[in-house]
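> If you scroll down you'll find the structure; I have some questions about it.
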Number of protein chains: 2
Amino acid sequence: MELHGGNIYKIGKQFNISKDDIIDFSSNISPLGVSETLKKEIIDNIDMLRNYPDPEYFDLRKAVADYNGTDSENILVGNGATELIFLFARSLKFRTALIAAPAFAEYAMALGRAGTKIDYFKLEEAEEFVLDIDHLKKSLEKSYSLLVLCNPNNPTSGFVDSRKMEDIIKTAGKHGTAVLLDESFIEFVDRKLIASNTKAFAGYDNLFILRSLTKFFAIPGLRLGYAVIFDGDIRSKLNKNSEPWTVNLFADLAGRILLKDETYIENTIRTVNDERKFLSDGISNIKWLKVYKPYANFLMFKILNSLTSPGLKTELLKQKMLIRDASNFKFLNDKFVRIAVKDRQSNELLINKLWSIAE
Amino acid sequence: MELHGGNIYKIGKQFNISKDDIIDFSSNISPLGVSETLKKEIIDNIDMLRNYPDPEYFDLRKAVADYNGTDSENILVGNGATELIFLFARSLKFRTALIAAPAFAEYAMALGRAGTKIDYFKLEEAEEFVLDIDHLKKSLEKSYSLLVLCNPNNPTSGFVDSRKMEDIIKTAGKHGTAVLLDESFIEFVDRKLIASNTKAFAGYDNLFILRSLTKFFAIPGLRLGYAVIFDGDIRSKLNKNSEPWTVNLFADLAGRILLKDETYIENTIRTVNDERKFLSDGISNIKWLKVYKPYANFLMFKILNSLTSPGLKTELLKQKMLIRDASNFKFLNDKFVRIAVKDRQSNELLINKLWSIAE
C-alpha cells in the first residue's frame, strides 16, 4: 500500500513494466505535459545551475504575487506545497485541528509530528462526499486551533465556491480558528464557477492559502509550491523556521515563466474541462461504477460489484494502466478508486478497458 | 550583513552590476562549472519533469552508496546538505552540542531551533585556527550529546586527516557523544593527504557524515546533499521525520551521473589543487594580508593594515569581484575574509587588484 500515487518506479519494478510505458492515472498531474516555453528556457539557461538560488526569491515571489493580485511580502515559496505544509505545522504548533476527510495524508502527518491533536470532519458517503457547510460551522463551535480544507478536495474532487468558502473562513475566525486552505487544484475548476481566488480572501488574517505549480503545470519533478498569507505574525513565525535555498533554480525559473503563460493556462483549463467531462461521462455509463461529481483534474469512483480497488488496480496494470487505490484514505475502503484526467487517447483506453470487465 | 555568501542577486541590485558579470569569490563553488555530461543528460531527458521523483530514491541512493563503498540503506539524500542538517537536529533533539568554530552558521541555527544548548570549541587565532585535538578530547569529557565538526572547515579551510579524525570520533563515542561530521568540501583535499572517507568510518554508530554535491560538482542551483549513517536507530528516527520528494528529479539525475564521472572528478581535484596553491601563494606575498593554510576550495585571510573586510569588499566590488566578508562568523571580526578558489584568470585578477591596494 502506497501513501501517495505516482510511484511508477516501484510499480514498474514490481510488475516488470518500463516506467515510461506506464499510463499513470494515479498521480494528479495535468495531461498537457511540461510547457514547451519552459523546456526551452531551461535548456537556454542551463548554466544557471552553477549559482545558488536567490535566498530571498525576490523575482519569483513577485511573479507569484502578480499572478495572485497581491504583494510579494504575502508570498512564501516552497520545495513543493509539501514543504510548506510541514513548515506551517512545525512553526505554528496548533493545539487542535479539524481536518475535513477523506483528505491528503500529509496534513495529519505534518500536524501529528508537531504534537497537534487531530479531529476529523467526515465527508459523508451518503451525501456523496459533498461538504456539509452548516454541519461544519456547527463543528467549528468547538474552537479548534486550526481547520484544514482542500478545495477542490483530494481525493473526492468535490468543490466549494468562493462565497461559501468565505463564509466558512469568517465563521472559523469568529471562533479563533486558523484555516489551512489547500488550493493545489483550484486552477482546474471550470471558470464559469465562482472559484476561490486569493484577492477575494485578502482581508482574512486567519488564513493560510496553499498553492502548487506541480499539478497544473505538470512539473512534479521540479517541486514548486507557494503560500499566500495576509497576516504578518504568521509570516514571521514561518520565516523564523524556514530553511535556506529550498527552491531550486529551475523551479524558480519555472514560476517566473509559467504564471505569465496565459495561452498555456487557458489551454490547460479547456482541455481538462473537456476531458473531465468525457472521462466522467464514460465511467458513469458503466453500471458497476459510481462516479462522484468531479471539479478538479481527477475523479473518485466507487466499485459497486464484487471487485476491490486493489483487484481492479492489478487488473488494469496488465494493460499498463496505473490507478490510485484509494482504500488508505481516512473514511474510505477498498471499494474506492481515484483517477487523474488524462489525454483523450488514455481516457478512452481506460473507459474501454473498464467496459470490458464483466459486471 | 549576509548570513551566507553567494547572494549575487541582492549585491547586483545594490551595486548596479548585472549578476552574470559578478566574479563570485563569495560562494565556495568549484570553478569548473557544471559538467557537460550532466547538461546534455538534462537536456535529453527534460520531459522527465512531468513525473514525481522516486519517493524512495532507490537508484540515487545506490549510486551514492557505490561511490562511498557502502550499502544503500546507509544513505539518506536531501535537498542540499542544508535540509539534512535541519532534519538531523529536529529528529534527534540533542540536549547539548559542542560546535568547533568559526563554523557554518547553519549548525547552530538548526540545533538552536530544536532546543539544543550550544557550546563552542574555539579554534584559536594564535594557533592559526588549526584544531587542537588534545584540547578537544579534553573538552569531550563533559559528555556533550553532540559534537559538530566540519572537515575541511568552513571558513578556515583547515583540515584534520582521517586517522586523527577517527581518534576524535572514538573518544566522542566513549563519552556517549554523537558526531556530526560535515565533509561537504572533503573531495577538494589533495589526494596525497589521508582524507577522511566513509569506508574507514564504517564501524562507528555515533556518526552522521554529511556530504554535498553542490560545491564539488558546481550545482548549487540544483540542491543535492546526502548523509551516511551506519546506525539503524538514528536512520529510523530521521526517516520518521523526513518529508517526501524533497530532492527534485534533475538533482536525482545529477547524483546518478556525476558520481560516476571519474574524468570530471580527477580534473576538478587537479585544477583546484593547482589554483589553490596559485591563489594562496599570490596572496601570501602581499604584506598586509595573512593567509591561513588552505585545504579546501577556499581560503581565509586576515587583513593586517587599517582596511576592514566590509571596506575591502566594497573596494573589490568596483572591479565586480565579490568576496565573503567573514566578520559575522563566530570568533571572527571585521578583519577576516573568505574567498573561493576560482579559475586562473579570476584568481590573477583578484591577486593583481589586491597588489594594487596600497599597504
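In the C-alpha cells, each chain is lettered A, B, ... as it comes, each chain's residues begin at 1, and ligands are numbered from 1 in order of appearance.
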Please report as a tab-separated table every residue of chain B lying within 6 Å of chain A, along with the nearest atom pair and their distance in Å (one decimal), using only C-alpha atoms.

residue	atom	partner	partner_atom	distance
B:Leu49	CA	A:Gly221	CA	4.2
B:Arg50	CA	A:Ile219	CA	4.9
B:Asn51	CA	A:Gly221	CA	5.4
B:Tyr52	CA	A:Pro220	CA	4.7
B:Pro53	CA	A:Gly221	CA	5.6
B:Ala218	CA	A:Arg50	CA	5.1
B:Ile219	CA	A:Arg50	CA	4.9
B:Pro220	CA	A:Tyr52	CA	4.7
B:Gly221	CA	A:Leu49	CA	4.2
B:Leu222	CA	A:Asn248	CA	5.3
B:Asn248	CA	A:Leu222	CA	5.3
B:Leu249	CA	A:Gly221	CA	4.9
> Keeping only N, CA, C and O atoms, write the selected residues as a JSON list (two decimals), in the first residue's frame.

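Okay, this is what ended up in result_33.json:
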[["chain", "number", "residue", "atom", "x", "y", "z"],
["B", 49, "LEU", "N", 10.50, 15.77, -16.08],
["B", 49, "LEU", "CA", 9.88, 16.68, -15.11],
["B", 49, "LEU", "C", 8.41, 16.42, -14.85],
["B", 49, "LEU", "O", 7.87, 16.81, -13.83],
["B", 50, "ARG", "N", 7.75, 15.79, -15.83],
["B", 50, "ARG", "CA", 6.31, 15.55, -15.65],
["B", 50, "ARG", "C", 6.06, 14.42, -14.66],
["B", 50, "ARG", "O", 4.91, 14.14, -14.31],
["B", 51, "ASN", "N", 7.11, 13.73, -14.24],
["B", 51, "ASN", "CA", 6.96, 12.69, -13.21],
["B", 51, "ASN", "C", 7.39, 13.19, -11.83],
["B", 51, "ASN", "O", 8.27, 14.04, -11.72],
["B", 52, "TYR", "N", 6.77, 12.61, -10.80],
["B", 52, "TYR", "CA", 7.28, 12.82, -9.45],
["B", 52, "TYR", "C", 8.64, 12.13, -9.34],
["B", 52, "TYR", "O", 8.89, 11.15, -10.04],
["B", 53, "PRO", "N", 9.50, 12.62, -8.44],
["B", 53, "PRO", "CA", 10.71, 11.84, -8.15],
["B", 53, "PRO", "C", 10.30, 10.50, -7.51],
["B", 53, "PRO", "O", 9.20, 10.37, -6.99],
["B", 218, "ALA", "N", 29.66, 21.85, -8.65],
["B", 218, "ALA", "CA", 29.21, 23.17, -9.11],
["B", 218, "ALA", "C", 27.72, 23.19, -9.50],
["B", 218, "ALA", "O", 27.35, 23.72, -10.54],
["B", 219, "ILE", "N", 26.89, 22.61, -8.65],
["B", 219, "ILE", "CA", 25.45, 22.61, -8.93],
["B", 219, "ILE", "C", 24.62, 23.18, -7.77],
["B", 219, "ILE", "O", 23.61, 22.58, -7.39],
["B", 220, "PRO", "N", 25.01, 24.34, -7.23],
["B", 220, "PRO", "CA", 24.22, 24.89, -6.12],
["B", 220, "PRO", "C", 22.78, 25.19, -6.51],
["B", 220, "PRO", "O", 21.89, 25.23, -5.65],
["B", 221, "GLY", "N", 22.55, 25.40, -7.81],
["B", 221, "GLY", "CA", 21.19, 25.68, -8.26],
["B", 221, "GLY", "C", 20.29, 24.46, -8.22],
["B", 221, "GLY", "O", 19.06, 24.58, -8.21],
["B", 222, "LEU", "N", 20.88, 23.25, -8.17],
["B", 222, "LEU", "CA", 20.06, 22.02, -8.19],
["B", 222, "LEU", "C", 19.71, 21.49, -6.82],
["B", 222, "LEU", "O", 18.66, 20.88, -6.65],
["B", 248, "ASN", "N", 14.64, 17.08, -6.13],
["B", 248, "ASN", "CA", 13.99, 17.15, -7.44],
["B", 248, "ASN", "C", 14.62, 16.17, -8.43],
["B", 248, "ASN", "O", 15.69, 15.62, -8.19],
["B", 249, "LEU", "N", 13.93, 15.95, -9.54],
["B", 249, "LEU", "CA", 14.35, 14.91, -10.48],
["B", 249, "LEU", "C", 15.68, 15.21, -11.17],
["B", 249, "LEU", "O", 16.44, 14.28, -11.47]]
> Excluding Glu128 (chain B) and residues on its chain fewer than 6 positions from it, collect all residues at most 10 Å away from it, counting only C-alpha atoms, and give them as a ChimeraX atom specification.
/B:156,158,291-293
> How about saving the chosen residues, N, CA and C atoms kept, as a PDB file, in the first residue's frame?

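The result, written out as out-v2.pdb:
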ATOM      1  N   THR B 156      37.631  28.390   7.713  1.00  0.00           N
ATOM      2  CA  THR B 156      39.093  28.480   7.881  1.00  0.00           C
ATOM      3  C   THR B 156      39.871  27.691   6.838  1.00  0.00           C
ATOM      4  N   GLY B 158      40.864  24.773   7.249  1.00  0.00           N
ATOM      5  CA  GLY B 158      41.739  23.848   7.955  1.00  0.00           C
ATOM      6  C   GLY B 158      41.273  22.408   7.788  1.00  0.00           C
ATOM      7  N   VAL B 291      47.460  34.727   5.089  1.00  0.00           N
ATOM      8  CA  VAL B 291      46.640  33.596   4.635  1.00  0.00           C
ATOM      9  C   VAL B 291      46.787  32.425   5.606  1.00  0.00           C
ATOM     10  N   TYR B 292      45.673  31.781   5.967  1.00  0.00           N
ATOM     11  CA  TYR B 292      45.726  30.561   6.779  1.00  0.00           C
ATOM     12  C   TYR B 292      45.790  29.368   5.828  1.00  0.00           C
ATOM     13  N   LYS B 293      46.610  28.384   6.178  1.00  0.00           N
ATOM     14  CA  LYS B 293      46.866  27.290   5.232  1.00  0.00           C
ATOM     15  C   LYS B 293      45.561  26.624   4.781  1.00  0.00           C
TER      16      LYS B 293
END
> Work out how far apart CA of Ser145 (chain A) and CA of Val179 (chain A) are and give it in Å to one decimal.
8.7 Å
> Within region 68-282 of chain B, find each residue whose DSSP state, derived from the backbone, is strand (DSSP E or B), and express the selection as an MDAnalysis selection string.
chainID B and resid 75:78 96:101 117:122 146:150 178:182 207:212 225:229
